[in-house]
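Asker: Contents of query07.cif (mmCIF, C-alpha atoms) are below:
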```cif
data_input
#
loop_
_atom_site.label_atom_id
_atom_site.label_comp_id
_atom_site.auth_asym_id
_atom_site.auth_seq_id
_atom_site.Cartn_x
_atom_site.Cartn_y
_atom_site.Cartn_z
CA ALA A 12 -26.65 21.22 -17.65
CA GLN A 13 -23.22 21.52 -16.12
CA ARG A 14 -21.46 18.41 -14.90
CA VAL A 15 -18.13 17.56 -13.30
CA THR A 16 -16.71 14.06 -13.61
CA GLN A 17 -13.89 12.58 -11.59
CA PRO A 18 -13.47 9.06 -12.96
CA GLU A 19 -11.21 7.73 -10.22
CA LYS A 20 -12.64 7.13 -6.77
CA LEU A 21 -9.30 6.03 -5.37
CA LEU A 22 -5.70 6.67 -6.36
CA SER A 23 -2.96 4.85 -4.52
CA VAL A 24 0.59 6.01 -5.22
CA PHE A 25 4.00 5.58 -3.68
CA LYS A 26 5.81 8.48 -2.06
CA GLY A 27 7.92 10.26 -4.64
CA ALA A 28 5.87 9.02 -7.58
CA PRO A 29 3.91 11.38 -9.83
CA VAL A 30 0.20 11.70 -9.25
CA GLU A 31 -2.50 12.93 -11.62
CA LEU A 32 -6.14 13.35 -10.70
CA LYS A 33 -8.50 13.58 -13.63
CA CYS A 34 -11.36 16.02 -13.91
CA ASN A 35 -13.60 16.50 -16.92
CA TYR A 36 -16.46 18.93 -17.15
CA SER A 37 -19.37 19.79 -19.36
CA TYR A 38 -20.62 23.34 -19.47
CA SER A 39 -21.83 25.44 -22.35
CA GLY A 40 -20.68 28.77 -20.96
CA SER A 41 -17.43 30.15 -19.59
CA PRO A 42 -16.41 28.19 -16.48
CA GLU A 43 -14.16 28.76 -13.54
CA LEU A 44 -12.54 25.56 -12.31
CA PHE A 45 -11.24 24.76 -8.86
CA TRP A 46 -9.65 21.97 -6.90
CA TYR A 47 -10.71 21.59 -3.27
CA VAL A 48 -9.03 19.28 -0.78
CA GLN A 49 -10.22 17.71 2.45
CA TYR A 50 -7.59 16.27 4.75
CA SER A 51 -8.60 13.74 7.38
CA ARG A 52 -10.82 15.32 10.04
CA GLN A 53 -10.48 18.77 8.49
CA ARG A 54 -12.88 20.96 6.60
CA LEU A 55 -13.02 21.38 2.86
CA GLN A 56 -10.55 23.98 1.64
CA LEU A 57 -9.54 25.52 -1.65
CA LEU A 58 -6.35 24.11 -3.13
CA LEU A 59 -6.13 26.05 -6.35
CA ARG A 60 -8.16 27.76 -9.06
CA HIS A 61 -7.47 27.89 -12.76
CA ILE A 62 -7.52 31.66 -13.09
CA SER A 63 -4.67 32.02 -10.61
CA ARG A 64 -2.40 29.76 -12.65
CA GLU A 65 -0.33 29.05 -9.56
CA SER A 66 1.32 26.05 -7.96
CA ILE A 67 0.13 25.20 -4.47
CA LYS A 68 1.93 22.57 -2.38
CA GLY A 69 3.57 21.43 -5.60
CA PHE A 70 0.25 20.86 -7.35
CA THR A 71 -0.65 22.42 -10.69
CA ALA A 72 -3.71 22.21 -12.88
CA ASP A 73 -4.24 23.47 -16.40
CA LEU A 74 -7.61 24.22 -17.88
CA ASN A 75 -7.90 22.58 -21.30
CA LYS A 76 -11.02 23.99 -22.91
CA GLY A 77 -10.62 21.84 -26.00
CA GLU A 78 -10.71 18.64 -23.95
CA THR A 79 -12.90 20.19 -21.23
CA SER A 80 -10.48 18.96 -18.61
CA PHE A 81 -8.81 20.35 -15.51
CA HIS A 82 -6.49 17.60 -14.32
CA LEU A 83 -4.49 18.05 -11.11
CA LYS A 84 -0.86 17.01 -11.14
CA LYS A 85 2.08 16.74 -8.81
CA PRO A 86 5.44 15.35 -9.90
CA PHE A 87 6.47 13.87 -6.56
CA ALA A 88 3.73 12.80 -4.15
CA GLN A 89 4.26 13.19 -0.41
CA GLU A 90 2.54 11.32 2.42
CA GLU A 91 0.88 14.55 3.54
CA ASP A 92 -0.90 14.69 0.17
CA SER A 93 -3.14 11.84 1.28
CA ALA A 94 -6.62 13.37 1.24
CA MET A 95 -9.91 13.59 -0.64
CA TYR A 96 -9.76 15.88 -3.66
CA TYR A 97 -12.76 17.47 -5.32
CA CYS A 98 -12.88 19.20 -8.66
CA ALA A 99 -15.47 21.98 -8.82
CA LEU A 100 -16.92 24.27 -11.46
CA LYS A 101 -18.53 27.67 -11.21
CA ARG A 102 -19.88 29.76 -14.00
CA ALA A 103 -17.73 32.82 -14.57
CA THR A 104 -19.53 35.98 -13.49
CA THR A 105 -18.54 39.61 -13.26
CA ASP A 106 -18.85 39.74 -9.50
CA SER A 107 -17.39 36.37 -8.56
CA TRP A 108 -20.45 34.88 -6.83
CA GLY A 109 -21.93 31.58 -7.75
CA LYS A 110 -22.68 28.05 -6.65
CA LEU A 111 -20.02 25.41 -6.98
CA GLN A 112 -20.74 22.19 -8.86
CA PHE A 113 -18.55 19.46 -7.39
CA GLY A 114 -17.35 16.16 -8.76
CA SER A 115 -17.71 13.03 -6.66
CA GLY A 116 -14.14 13.20 -5.42
CA THR A 117 -10.93 11.18 -5.63
CA GLN A 118 -9.34 9.70 -2.53
CA VAL A 119 -5.56 9.84 -2.76
CA VAL A 120 -3.47 7.54 -0.62
CA VAL A 121 0.28 8.02 -0.63
CA THR A 122 2.20 5.10 0.80
CA PRO A 123 5.83 5.28 1.94
CA ASP B 3 -12.33 34.79 14.02
CA THR B 4 -11.83 31.07 13.61
CA GLY B 5 -13.65 30.73 10.34
CA VAL B 6 -17.08 29.45 9.48
CA SER B 7 -18.74 27.63 12.35
CA GLN B 8 -21.71 25.29 12.34
CA ASP B 9 -23.86 23.99 15.13
CA PRO B 10 -24.55 21.28 16.01
CA ARG B 11 -21.78 19.13 14.57
CA HIS B 12 -23.88 15.99 14.82
CA LYS B 13 -27.61 15.47 15.02
CA ILE B 14 -29.50 12.22 15.35
CA THR B 15 -33.25 12.46 14.97
CA LYS B 16 -36.20 10.22 14.38
CA ARG B 17 -38.06 10.26 11.12
CA GLY B 18 -40.79 12.86 11.12
CA GLN B 19 -39.09 15.24 13.52
CA ASN B 20 -38.00 18.76 12.64
CA VAL B 21 -34.38 19.84 12.88
CA THR B 22 -32.63 23.18 12.63
CA PHE B 23 -28.98 23.85 11.89
CA ARG B 24 -27.07 27.06 12.37
CA CYS B 25 -24.19 28.54 10.40
CA ASP B 26 -22.07 31.49 11.49
CA PRO B 27 -20.04 32.81 8.56
CA ILE B 28 -16.78 34.70 8.69
CA SER B 29 -17.82 38.07 10.08
CA GLU B 30 -17.21 40.32 7.09
CA HIS B 31 -18.54 37.86 4.52
CA ASN B 32 -21.81 38.93 2.95
CA ARG B 33 -22.40 35.77 0.92
CA LEU B 34 -23.47 32.48 2.44
CA TYR B 35 -24.06 29.10 0.81
CA TRP B 36 -25.57 25.81 1.99
CA TYR B 37 -24.53 22.50 0.46
CA ARG B 38 -25.46 18.90 1.19
CA GLN B 39 -23.07 15.99 0.91
CA THR B 40 -24.09 12.33 0.93
CA LEU B 41 -21.74 9.39 1.26
CA GLY B 42 -19.45 8.96 -1.72
CA GLN B 43 -20.54 12.17 -3.38
CA GLY B 44 -19.28 15.70 -3.59
CA PRO B 45 -21.19 18.56 -2.02
CA GLU B 46 -24.39 19.60 -3.79
CA PHE B 47 -25.62 23.18 -3.79
CA LEU B 48 -28.80 23.88 -1.85
CA THR B 49 -29.19 27.64 -1.53
CA TYR B 50 -27.38 30.98 -1.46
CA PHE B 51 -27.76 34.28 0.37
CA GLN B 52 -26.34 37.68 -0.28
CA ASN B 53 -26.76 39.55 2.97
CA GLU B 54 -30.31 38.66 4.09
CA ALA B 55 -31.67 37.99 0.60
CA GLN B 56 -32.01 34.40 -0.56
CA LEU B 57 -31.03 34.68 -4.21
CA GLU B 58 -31.02 31.12 -5.46
CA LYS B 59 -32.48 27.78 -4.42
CA SER B 60 -31.75 24.35 -5.84
CA ARG B 61 -34.55 22.02 -6.84
CA LEU B 62 -33.03 19.74 -4.19
CA LEU B 63 -34.52 22.11 -1.65
CA SER B 64 -38.00 20.64 -1.29
CA ASP B 65 -40.80 22.43 0.52
CA ARG B 66 -39.73 20.66 3.72
CA PHE B 67 -36.51 22.68 3.69
CA SER B 68 -36.32 26.34 4.59
CA ALA B 69 -33.34 28.59 5.07
CA GLU B 70 -33.09 32.04 6.53
CA ARG B 71 -30.51 34.67 7.17
CA PRO B 72 -32.55 37.24 9.06
CA LYS B 73 -29.97 39.93 9.73
CA GLY B 74 -27.46 39.10 7.07
CA SER B 75 -25.19 37.42 9.59
CA PHE B 76 -25.86 33.86 10.77
CA SER B 77 -28.12 31.53 8.83
CA THR B 78 -30.40 28.67 9.78
CA LEU B 79 -31.47 25.67 7.75
CA GLU B 80 -34.61 23.89 8.92
CA ILE B 81 -35.82 20.51 7.74
CA GLN B 82 -39.39 19.64 8.60
CA ARG B 83 -40.76 16.09 8.82
CA THR B 84 -37.35 14.54 8.30
CA GLU B 85 -36.98 11.46 6.13
CA GLN B 86 -34.22 8.88 6.09
CA GLY B 87 -33.08 10.27 2.76
CA ASP B 88 -32.23 13.53 4.49
CA SER B 89 -29.32 11.84 6.25
CA ALA B 90 -26.25 13.67 5.03
CA MET B 91 -23.57 16.17 5.90
CA TYR B 92 -24.85 19.73 5.64
CA LEU B 93 -22.11 22.22 4.79
CA CYS B 94 -22.14 25.96 5.03
CA ALA B 95 -19.74 28.25 3.20
CA SER B 96 -19.23 31.99 3.11
CA SER B 97 -17.45 34.41 0.84
CA LEU B 98 -16.83 38.07 0.21
CA LYS B 99 -18.54 39.86 -2.64
CA GLN B 100 -15.27 41.50 -3.56
CA GLY B 101 -12.18 39.84 -4.87
CA LEU B 102 -12.07 36.28 -6.13
CA GLY B 103 -15.02 35.18 -4.05
CA GLU B 104 -13.31 32.17 -2.51
CA GLN B 105 -15.79 30.10 -0.54
CA TYR B 106 -14.67 29.14 2.96
CA PHE B 107 -16.37 26.04 4.33
CA GLY B 108 -17.49 25.18 7.80
CA PRO B 109 -16.97 21.78 9.43
CA GLY B 110 -20.48 20.64 8.59
CA THR B 111 -23.41 19.21 10.51
CA ARG B 112 -23.87 15.48 10.14
CA LEU B 113 -27.55 14.53 10.24
CA THR B 114 -28.67 10.97 10.84
CA VAL B 115 -32.37 10.22 10.53
CA THR B 116 -33.40 6.92 12.13
#
```
Represent the structure contained in this file as structure tokens.

Answerer:
Amino acid sequence: AQRVTQPEKLLSVFKGAPVELKCNYSYSGSPELFWYVQYSRQRLQLLLRHISRESIKGFTADLNKGETSFHLKKPFAQEEDSAMYYCALKRATTDSWGKLQFGSGTQVVVTP
Amino acid sequence: DTGVSQDPRHKITKRGQNVTFRCDPISEHNRLYWYRQTLGQGPEFLTYFQNEAQLEKSRLLSDRFSAERPKGSFSTLEIQRTEQGDSAMYLCASSLKQGLGEQYFGPGTRLTVT
């Protein structure tokens, strides 16, 4: 069965410090990995996906199939990064549909 | 189009009552998903529609739960004989079949069963 683990429930960092959110997964097939973010009083939204290999709002994430990880990183945290972050997995399919399996989330608090 | 909408945003009901939630996806999206989120957890998949066809259901969706998408547009999720364990946030998401299939989420309906 597929599983997504986010070991940290809460990460508190100072503004300007690096931040890394851990995500590990277990899945026997070929996965697609995502990071979703939920800012206070806003809806869940996609932050980035591994197949795009892009940097969004200064965040990057690299899929490491050997370590089955998809950690999210940002070199210099900003106060507006304070939010709940969810790692999610979807099995790779030819037509892009599929349910998302979410981790339990990591709350990030950036203090000035 | 302001994105995925859900109604109501909050629902308080007594145990044993039936409740129905509505989701209106982004207009051109032919795929629609329902998720449930309890406190301290990430969203959990409940069911999925492509147009009006319900293609997958989670084992979380007991026989008290039913979902429909009668004309391939809006969807409803009904819970019969609610239990306190049904208290959760119910999220709807929609996506396009084409492209990367990004799922766009609605604001959710928060259900409290007393």

Asker: Please return as a list in words every residue within 10 Å of (-24.6, 26.5, 14.5), taking into account only C-alpha atoms and the file's own coordinates.

Answerer: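 Counting only C-alpha atoms, I find these residues within 10 Å of (-24.6, 26.5, 14.5): Val6, Ser7, Gln8, Asp9, Pro10, Arg11, Thr22, Phe23, Arg24, Cys25, Asp26, Pro27, Phe76, Ser77, Thr78, Leu79, Cys94, Gly108, Gly110 and Thr111 of chain B.
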
Asker: Write a file of the selected residues as a compact mmCIF listing (two decimals), keeping the file's coordinate frame, keeping C-alpha atoms.

Answerer:
```txt
# COMPACT_ATOMS: atom_id res chain seq x y z
CA VAL B 6 -17.08 29.45 9.48
CA SER B 7 -18.74 27.63 12.35
CA GLN B 8 -21.71 25.29 12.34
CA ASP B 9 -23.86 23.99 15.13
CA PRO B 10 -24.55 21.28 16.01
CA ARG B 11 -21.78 19.13 14.57
CA THR B 22 -32.63 23.18 12.63
CA PHE B 23 -28.98 23.85 11.89
CA ARG B 24 -27.07 27.06 12.37
CA CYS B 25 -24.19 28.54 10.40
CA ASP B 26 -22.07 31.49 11.49
CA PRO B 27 -20.04 32.81 8.56
CA PHE B 76 -25.86 33.86 10.77
CA SER B 77 -28.12 31.53 8.83
CA THR B 78 -30.40 28.67 9.78
CA LEU B 79 -31.47 25.67 7.75
CA CYS B 94 -22.14 25.96 5.03
CA GLY B 108 -17.49 25.18 7.80
CA GLY B 110 -20.48 20.64 8.59
CA THR B 111 -23.41 19.21 10.51
```

Asker: Within 9 Å of Gly18 in chain B, counting all atoms listed in the file, which residues show up once you throw out same-chain ones fewer than 5 positions away? Write them as a list in words, please.

Answerer: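 The contact residues come out as Gln82, Arg83, Thr84, Glu85 and Val115 of chain B.
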
Asker: Taking only C-alpha atoms into account and nothing else, which residues of chain A lie no more than 10 Å away from chain B? Please answer as a PyMOL selection string.

Answerer: chain A and resi 15+20+45+52-57+60+62-63+96-99+106-117

Asker: Need to verify the contact set: Ala94 in chain A, 8 Å, only C-alpha atoms, exclusion of same-chain residues closer than 6 positions in sequence. Can you return it as a PyMOL selection string?

Answerer: chain A and resi 48-51+118-120

Asker: By how many Å are CA of Leu113 in chain B and CA of Gly74 in chain B apart?

Answerer: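 Separation of CA of Leu113 in chain B and CA of Gly74 in chain B: 24.8 Å.
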
Asker: Please measure the separation of CA of Leu74 in chain A and CA of Leu44 in chain A, giving the value in Å to one decimal.

Answerer: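 Atom-to-atom, CA of Leu74 in chain A and CA of Leu44 in chain A are spaced 7.6 Å apart.
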